[in-house]
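Enquirer: This is the structure, below, for whatever I ask next.
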Amino acid sequence: MTLIILNDIINIIKENMCGVILNMPIEVVPDWMVNLEDEDIIFMKKFLMASGSLKEIARQYDVTYPTVRLRLDKLIQKIQISDDISNEPYVALIKRLAVNDKLDFNTAKILISEYKKMGVNVK
């Protein structure tokens, strides 16, 4: 699964080396990339160009290794949320907001819990 995702990313980057990826028509962008921010795409490109070296990415961003690891973990969460088609659109939105630090996790849990109480079958 990860290899397929990395191959998709590499192909998109190769086809769009001049930064055009940020302005690609929505129908060309894979579903799992649609909700990523421009900074996430740039991070993925740098990560790939550094052959996946978190140490190198930390040097490029002038941050610590744990900071880069946390950023990568959040990016993975965003992709997983997009890939999880079993989620209700509302729940997926709440999860995206929480992962993007637009909503705290406790509030997200409450919103999802209250949504479930409304009788909606949610994972």
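Ordering of the structure tokens sets the chain letters (A, B, ...); residue numbers start at 1 within each chain; ligands are numbered from 1 in the order shown.
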Skip Tyr90 of chain A itself and residues of its chain fewer than 6 positions away, then list as a PyMOL selection string all residues within 10 Å of it, counting only C-alpha atoms.
Expert: chain A and resi 96+111-112+115+122
Enquirer: Output C-alpha atoms for every residue in that selection, as an mmCIF file, in the first residue's frame.
Expert:
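What landed in part.cif:
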data_model
loop_
_atom_site.group_PDB
_atom_site.id
_atom_site.type_symbol
_atom_site.label_atom_id
_atom_site.label_comp_id
_atom_site.auth_asym_id
_atom_site.auth_seq_id
_atom_site.Cartn_x
_atom_site.Cartn_y
_atom_site.Cartn_z
ATOM 1 C CA ARG A 96 -9.467 16.454 9.154
ATOM 2 C CA LEU A 111 -18.848 16.189 18.058
ATOM 3 C CA ILE A 112 -18.460 12.657 16.690
ATOM 4 C CA TYR A 115 -23.351 12.710 15.902
ATOM 5 C CA VAL A 122 -20.454 5.771 12.280
#
Enquirer: Contacts of segment 65-71 of chain A at 12 Å or less, counting only C-alpha atoms, minus same-chain residues fewer than 2 places along, as a short mmCIF file (atom, residue, chain, number, x, y, z; two decimals) with N, CA and C atoms, in the first residue's frame?
Expert:
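Contents of selection_9.cif, freshly written:
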data_model
loop_
_atom_site.label_atom_id
_atom_site.label_comp_id
_atom_site.auth_asym_id
_atom_site.auth_seq_id
_atom_site.Cartn_x
_atom_site.Cartn_y
_atom_site.Cartn_z
N GLU A 39 1.42 23.02 1.66
CA GLU A 39 2.63 22.75 2.45
C GLU A 39 2.86 21.25 2.60
N ASP A 40 1.78 20.47 2.66
CA ASP A 40 1.91 19.02 2.75
C ASP A 40 2.53 18.45 1.47
N PHE A 43 6.17 19.32 1.42
CA PHE A 43 6.86 18.45 2.36
C PHE A 43 7.10 17.07 1.75
N MET A 44 6.05 16.52 1.10
CA MET A 44 6.18 15.20 0.47
C MET A 44 7.26 15.22 -0.61
N LYS A 46 9.90 17.24 -0.82
CA LYS A 46 11.21 17.32 -0.17
C LYS A 46 11.60 15.98 0.44
N PHE A 47 10.61 15.30 1.05
CA PHE A 47 10.83 14.00 1.67
C PHE A 47 11.30 13.00 0.62
N GLY A 52 13.65 9.93 1.59
CA GLY A 52 12.98 9.51 2.81
C GLY A 52 13.78 9.72 4.08
N SER A 53 14.85 10.50 4.01
CA SER A 53 15.69 10.74 5.18
C SER A 53 15.08 11.83 6.06
N LEU A 54 14.56 11.42 7.22
CA LEU A 54 14.00 12.40 8.14
C LEU A 54 15.08 13.33 8.68
N LYS A 55 16.27 12.79 8.82
CA LYS A 55 17.40 13.60 9.30
C LYS A 55 17.69 14.74 8.32
N GLU A 56 17.65 14.43 7.01
CA GLU A 56 17.90 15.44 5.98
C GLU A 56 16.77 16.47 5.96
N ILE A 57 15.55 16.01 6.10
CA ILE A 57 14.41 16.94 6.12
C ILE A 57 14.51 17.86 7.33
N ALA A 58 14.89 17.32 8.48
CA ALA A 58 15.08 18.14 9.68
C ALA A 58 16.12 19.23 9.43
N ARG A 59 17.19 18.85 8.73
CA ARG A 59 18.23 19.83 8.41
C ARG A 59 17.68 20.92 7.48
N GLN A 60 16.92 20.50 6.46
CA GLN A 60 16.37 21.46 5.50
C GLN A 60 15.40 22.44 6.15
N TYR A 61 14.58 21.96 7.07
CA TYR A 61 13.60 22.81 7.74
C TYR A 61 14.17 23.47 9.00
N ASP A 62 15.40 23.10 9.35
CA ASP A 62 16.06 23.63 10.54
C ASP A 62 15.22 23.38 11.80
N VAL A 63 14.78 22.11 11.93
CA VAL A 63 14.02 21.67 13.10
C VAL A 63 14.60 20.35 13.57
N ASP A 73 3.91 11.98 10.70
CA ASP A 73 2.81 11.23 11.30
C ASP A 73 1.46 11.91 11.02
N LYS A 74 1.43 13.24 11.13
CA LYS A 74 0.19 13.98 10.84
C LYS A 74 -0.19 13.85 9.36
N LEU A 75 0.80 13.88 8.50
CA LEU A 75 0.55 13.72 7.07
C LEU A 75 -0.02 12.33 6.78
N ILE A 76 0.54 11.32 7.43
CA ILE A 76 0.04 9.95 7.28
C ILE A 76 -1.41 9.88 7.76
N GLN A 77 -1.72 10.53 8.88
CA GLN A 77 -3.09 10.54 9.40
C GLN A 77 -4.05 11.18 8.38
N LYS A 78 -3.63 12.28 7.78
CA LYS A 78 -4.46 12.95 6.78
C LYS A 78 -4.77 12.02 5.61
N VAL A 99 -6.87 16.88 12.82
CA VAL A 99 -5.50 16.60 12.38
C VAL A 99 -4.80 17.88 11.94
N ASN A 100 -5.56 18.81 11.35
CA ASN A 100 -4.98 20.07 10.89
C ASN A 100 -4.90 21.13 11.99
N ASP A 101 -5.15 20.73 13.23
CA ASP A 101 -5.10 21.62 14.39
C ASP A 101 -6.08 22.79 14.29
#
Enquirer: Taking only C-alpha atoms into account, name the residue in A:Asn35, A:Thr107, A:Ser51, A:Thr64 that is nearest to Ile94 of chain A.
Expert: A:Thr107
Enquirer: Could you give me, as an MDAnalysis selection string, the residues within 9 Å of Met33 of chain A, counting only C-alpha atoms and dropping anything in the same chain fewer than 5 positions from it?
Expert: chainID A and resid 41 78:79 82
Enquirer: Quick one, how far is atom CA of Asp38 of chain A from atom CA of Gln80 of chain A?
Expert: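 We find that atom CA of Asp38 of chain A and atom CA of Gln80 of chain A lie 17.6 Å from each other.
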